[in-house]
Amino acid sequence: MTGASAGIGKATAKRFAAPARHDGASGTRDKVLMVARHEQRLVRAAREIEESVPGADVETLPLDLSDADAAKTLRDRAGATGLPVGALLCCAGAVPPPADPDAGDVAAVLTEWESAYRANVVTAVVAVEALVPSMTDGGGIVLYSSIAAYRGSGGSGGYGAAKAALHSYVHLLATRLGPRRISVNAIAPGYVAGTDLFGGALPAAREKTLIGQTVLGRAGDPVDVAELGHYLCSPPGAYITSQILQINGGSLHGV
Ligand SMILES: NC(=O)c1ccc[n+]([C@@H]2O[C@H](COP(=O)([O-])OP(=O)(O)OC[C@H]3O[C@@H](n4cnc5c(N)ncnc54)[C@H](OP(=O)(O)O)[C@@H]3O)[C@@H](O)[C@H]2O)c1
């Protein structure tokens with residue numbers, strides 16, 4: 001699980017650490033390898049999960065996935081668990097500080113786009129290409145897109161474009177890994193509150209606008225998204241592949 005120290009990734013790591021519903025009485029559960037850059041925050045997130053989920057089996061790996069060198073570290077650490085990788089959820093992502101496209105500073109715009117690409121595309125490609133060889137046949141991969149892939153982000157132009165790039169990667173991977181019965185999908189959330197993605201709480205007016213765009217009248221919760229990621233990697237979700245699943249309270253409904 002990448003991006004596991006905060007927000008959606010942390011909630012998803014917690015969901016995988018709990019006994020799986022489809023296991024019924026057997027109560028078997030997954031070992032969860034939690035990956036993110038900042039060690040203290042990552043370890044704090046792991047402790048939180050251990051305290052709230054009795055019997056949780058979590059490990060932490062502080063690692064910046066935006067560079068190819070990270071692939072070997074990730075592969076070695078996953079291999080050291082002695083277990084095959086049954087599910088890979090690539091939740092690491094970030095919104096770079098937006099450059100002003102009207103300021104005439106092309107270099108600044110390019111820096112923003114490159115940073116968005118590294119944080120959202122390179123992190124996923126590195127994790128996937130590192131771990132696919134050790135994945136269980138019949139496993140699941142989930143990438144994390146965004147509603148911004150469909151309508152822009154309202155801030156960083158590069159962010160929505162980077163998320164859209166993941167859609168093509170999903171289809172490519174699903175085709176490549178279909179013969180191994182590995183499903184590959186992306187989840188594209190709308191506004192999810194209670195994460196660190198926006199560097200703190202959104203301005204109240206902006207949050208009101210985003211919530212007002214939903215038909216359910218509320219922001220998404222990291223747990224909403226965690227449940228979907230878990231389902232996609234569980235036996236009942238095994239026939240879903242090559243899809244971009246939007247989860248946004250109906251924000252794009254009728255638009
Ligand atoms: N929240 C929303 O409204 C929303 C909406 C649409 C899509 N999404 C997408 O959902 C995913 C999770 O978002 P979130 O809201 O939960 O964000 P978040 O709270 O900011 O969490 C992002 C996670 O990614 C990690 N990360 C960032 N860059 C990394 C890198 N280079 N290498 C390894 N780990 C890295 C962060 O930890 P470190 O900083 O310590 O590395 C953190 O654990 C992202 O891909 C985001 O784009 C979120």
# chains A, B, ... in the order shown; residues from 1 in each chain; ligands from 1
$ residues_near_ligand --ligand "ligand 1" --cutoff "6 Å" --atoms "only C-alpha atoms and all ligand atoms" --output "ChimeraX atom specification"
/A:2-9,36-38,63-66,91-94,119,123,144-147,188-192,195-197
$ write_last_selection --atoms "N, CA, C and O atoms" --output "compact mmCIF listing (two decimals), in the first residue's frame"
# COMPACT_ATOMS: atom_id res chain seq x y z
N THR A 2 0.89 2.01 -1.10
CA THR A 2 1.70 3.23 -1.11
C THR A 2 0.83 4.42 -0.70
O THR A 2 -0.40 4.38 -0.82
N GLY A 3 1.48 5.46 -0.19
CA GLY A 3 0.72 6.62 0.29
C GLY A 3 -0.08 6.27 1.54
O GLY A 3 -1.17 6.79 1.78
N ALA A 4 0.50 5.38 2.37
CA ALA A 4 -0.27 4.77 3.46
C ALA A 4 -0.22 5.56 4.76
O ALA A 4 -0.81 5.14 5.75
N SER A 5 0.49 6.70 4.76
CA SER A 5 0.66 7.39 6.05
C SER A 5 -0.45 8.38 6.34
O SER A 5 -0.49 8.95 7.43
N ALA A 6 -1.33 8.62 5.38
CA ALA A 6 -2.34 9.67 5.60
C ALA A 6 -3.59 9.39 4.76
O ALA A 6 -3.56 8.56 3.84
N GLY A 7 -4.65 10.07 5.11
CA GLY A 7 -5.85 10.13 4.27
C GLY A 7 -6.38 8.79 3.77
O GLY A 7 -6.60 7.85 4.54
N ILE A 8 -6.59 8.73 2.47
CA ILE A 8 -7.20 7.55 1.84
C ILE A 8 -6.31 6.32 1.99
O ILE A 8 -6.78 5.22 2.27
N GLY A 9 -5.00 6.50 1.84
CA GLY A 9 -4.07 5.37 1.94
C GLY A 9 -4.06 4.77 3.34
O GLY A 9 -4.04 3.55 3.50
N ALA A 36 5.47 5.22 2.46
CA ALA A 36 5.36 6.67 2.22
C ALA A 36 6.73 7.26 2.54
O ALA A 36 7.60 6.55 3.05
N ARG A 37 6.91 8.54 2.25
CA ARG A 37 8.27 9.11 2.42
C ARG A 37 8.65 9.38 3.87
O ARG A 37 9.71 9.01 4.32
N HIS A 38 7.78 10.06 4.61
CA HIS A 38 8.19 10.58 5.91
C HIS A 38 7.98 9.55 7.02
O HIS A 38 6.84 9.18 7.33
N LEU A 63 9.92 5.44 2.00
CA LEU A 63 10.54 5.40 0.67
C LEU A 63 9.88 6.43 -0.24
O LEU A 63 8.65 6.52 -0.29
N ASP A 64 10.74 7.17 -0.95
CA ASP A 64 10.24 8.09 -1.98
C ASP A 64 10.14 7.31 -3.29
O ASP A 64 11.16 6.87 -3.84
N LEU A 65 8.92 7.13 -3.78
CA LEU A 65 8.70 6.29 -4.96
C LEU A 65 8.81 7.06 -6.28
O LEU A 65 8.53 6.50 -7.33
N SER A 66 9.24 8.32 -6.20
CA SER A 66 9.25 9.10 -7.44
C SER A 66 10.55 8.96 -8.21
O SER A 66 10.88 9.79 -9.06
N CYS A 91 -1.55 4.50 -3.84
CA CYS A 91 -2.31 5.68 -3.42
C CYS A 91 -1.43 6.92 -3.30
O CYS A 91 -1.95 8.03 -3.16
N ALA A 92 -0.11 6.75 -3.35
CA ALA A 92 0.78 7.92 -3.22
C ALA A 92 0.43 8.94 -4.29
O ALA A 92 0.24 8.60 -5.45
N GLY A 93 0.34 10.18 -3.90
CA GLY A 93 0.03 11.24 -4.86
C GLY A 93 0.12 12.58 -4.17
O GLY A 93 0.15 12.66 -2.94
N ALA A 94 0.19 13.63 -4.97
CA ALA A 94 0.28 14.98 -4.40
C ALA A 94 -0.16 15.99 -5.44
O ALA A 94 -0.08 15.75 -6.64
N ALA A 119 4.92 12.83 -8.88
CA ALA A 119 4.19 12.46 -7.65
C ALA A 119 3.05 11.49 -7.93
O ALA A 119 2.75 10.63 -7.10
N THR A 123 5.32 7.51 -9.26
CA THR A 123 5.19 6.70 -8.03
C THR A 123 4.41 5.42 -8.31
O THR A 123 4.74 4.36 -7.76
N TYR A 144 -4.75 5.34 -8.21
CA TYR A 144 -5.65 6.39 -7.72
C TYR A 144 -5.62 7.59 -8.64
O TYR A 144 -4.65 8.34 -8.70
N SER A 145 -6.72 7.76 -9.37
CA SER A 145 -6.91 8.90 -10.25
C SER A 145 -7.65 9.98 -9.46
O SER A 145 -7.53 10.06 -8.22
N SER A 146 -8.42 10.80 -10.15
CA SER A 146 -9.14 11.90 -9.50
C SER A 146 -10.22 12.42 -10.44
O SER A 146 -10.11 12.28 -11.66
N ILE A 147 -11.20 13.05 -9.85
CA ILE A 147 -12.21 13.75 -10.66
C ILE A 147 -11.52 14.80 -11.55
O ILE A 147 -12.02 15.17 -12.61
N ALA A 188 -11.24 6.94 -9.05
CA ALA A 188 -11.14 8.38 -9.27
C ALA A 188 -12.07 9.10 -8.30
O ALA A 188 -13.26 9.26 -8.57
N PRO A 189 -11.56 9.49 -7.12
CA PRO A 189 -12.43 10.15 -6.14
C PRO A 189 -12.72 11.60 -6.51
O PRO A 189 -11.93 12.27 -7.18
N GLY A 190 -13.87 12.08 -6.01
CA GLY A 190 -14.13 13.52 -5.97
C GLY A 190 -13.51 14.05 -4.68
O GLY A 190 -12.55 13.46 -4.16
N TYR A 191 -14.06 15.12 -4.14
CA TYR A 191 -13.48 15.71 -2.94
C TYR A 191 -13.66 14.78 -1.74
O TYR A 191 -14.78 14.41 -1.39
N VAL A 192 -12.53 14.41 -1.13
CA VAL A 192 -12.53 13.57 0.08
C VAL A 192 -11.95 14.42 1.21
O VAL A 192 -10.81 14.90 1.11
N THR A 195 -8.10 14.53 4.66
CA THR A 195 -6.80 14.04 4.20
C THR A 195 -5.81 15.22 4.23
O THR A 195 -6.18 16.35 4.51
N ASP A 196 -4.55 14.92 3.90
CA ASP A 196 -3.52 15.98 3.91
C ASP A 196 -3.25 16.53 2.52
O ASP A 196 -2.31 17.30 2.32
N LEU A 197 -4.06 16.11 1.54
CA LEU A 197 -3.75 16.43 0.14
C LEU A 197 -3.70 17.94 -0.13
O LEU A 197 -2.93 18.39 -0.97
$ select_by_dssp --residues "region 2-230 of chain A" --states "alpha helix (DSSP H)" --output "PyMOL selection string"
chain A and resi 7-17+39-52+70-80+106-117+123-131+148-151+157-177+204-212+222-230
$ closest_residue --among "A:Ile182, A:Ile49, A:Ala174, A:Ala70" --to "Met135 (chain A)" --atoms "only C-alpha atoms"
A:Ile182
$ residues_around --residues "Phe16 (chain A)" --least-positions-apart "3" --cutoff "9 Å" --atoms "only C-alpha atoms" --output "list of chain:residue names"
A:Ala11, A:Thr12, A:Ala13, A:Pro19, A:Ala20, A:Arg29, A:Asp30, A:Lys31, A:Val32, A:Ala56, A:Ala226, A:His230
$ closest_atom_pairs --of "region 101-166 of chain A" --to "region 73-87 of chain A" --cutoff "9 Å" --atoms "only C-alpha atoms" --output "CSV"
residue,atom,partner,partner_atom,distance
A:Ala127,CA,A:Leu74,CA,7.4
A:Ala130,CA,A:Arg75,CA,5.6
A:Leu131,CA,A:Arg75,CA,6.0
A:Val132,CA,A:Val85,CA,8.2
A:Ser134,CA,A:Pro84,CA,5.8
A:Met135,CA,A:Val85,CA,4.5
A:Thr136,CA,A:Gly86,CA,5.2
A:Asp137,CA,A:Gly86,CA,8.0
A:Gly138,CA,A:Gly86,CA,7.8
A:Gly139,CA,A:Gly86,CA,4.7
A:Gly140,CA,A:Ala87,CA,4.8
A:Ile141,CA,A:Ala87,CA,5.8
A:Val142,CA,A:Ala87,CA,8.1
$ select_by_dssp --residues "region 80-241 of chain A" --states "strand (DSSP E)" --output "JSON, numbers by chain"
{"A": [85, 86, 87, 88, 89, 90, 135, 136, 137, 138, 139, 140, 141, 142, 143, 144, 183, 184, 185, 186, 187, 188, 189]}
$ residues_around --residues "Gly158 (chain A)" --least-positions-apart "3" --cutoff "6 Å" --atoms "only C-alpha atoms" --output "number ranges by chain"
A: 113, 116, 161-162
$ write_last_selection --atoms "N, CA, C and O atoms" --output "PDB file, in the first residue's frame"
ATOM      1  N   TRP A 113       4.152  20.869 -13.849  1.00  0.00           N
ATOM      2  CA  TRP A 113       3.667  19.674 -14.561  1.00  0.00           C
ATOM      3  C   TRP A 113       4.581  18.477 -14.304  1.00  0.00           C
ATOM      4  O   TRP A 113       4.111  17.351 -14.098  1.00  0.00           O
ATOM      5  N   ALA A 116       3.946  17.188 -10.807  1.00  0.00           N
ATOM      6  CA  ALA A 116       2.682  16.442 -10.754  1.00  0.00           C
ATOM      7  C   ALA A 116       2.865  15.044 -11.342  1.00  0.00           C
ATOM      8  O   ALA A 116       2.360  14.047 -10.817  1.00  0.00           O
ATOM      9  N   ALA A 161      -3.872  16.308 -15.502  1.00  0.00           N
ATOM     10  CA  ALA A 161      -3.259  15.634 -16.653  1.00  0.00           C
ATOM     11  C   ALA A 161      -2.527  14.379 -16.207  1.00  0.00           C
ATOM     12  O   ALA A 161      -2.591  13.326 -16.858  1.00  0.00           O
ATOM     13  N   ALA A 162      -1.835  14.462 -15.081  1.00  0.00           N
ATOM     14  CA  ALA A 162      -1.103  13.290 -14.576  1.00  0.00           C
ATOM     15  C   ALA A 162      -2.081  12.177 -14.206  1.00  0.00           C
ATOM     16  O   ALA A 162      -1.851  10.995 -14.509  1.00  0.00           O
TER      17      ALA A 162
END
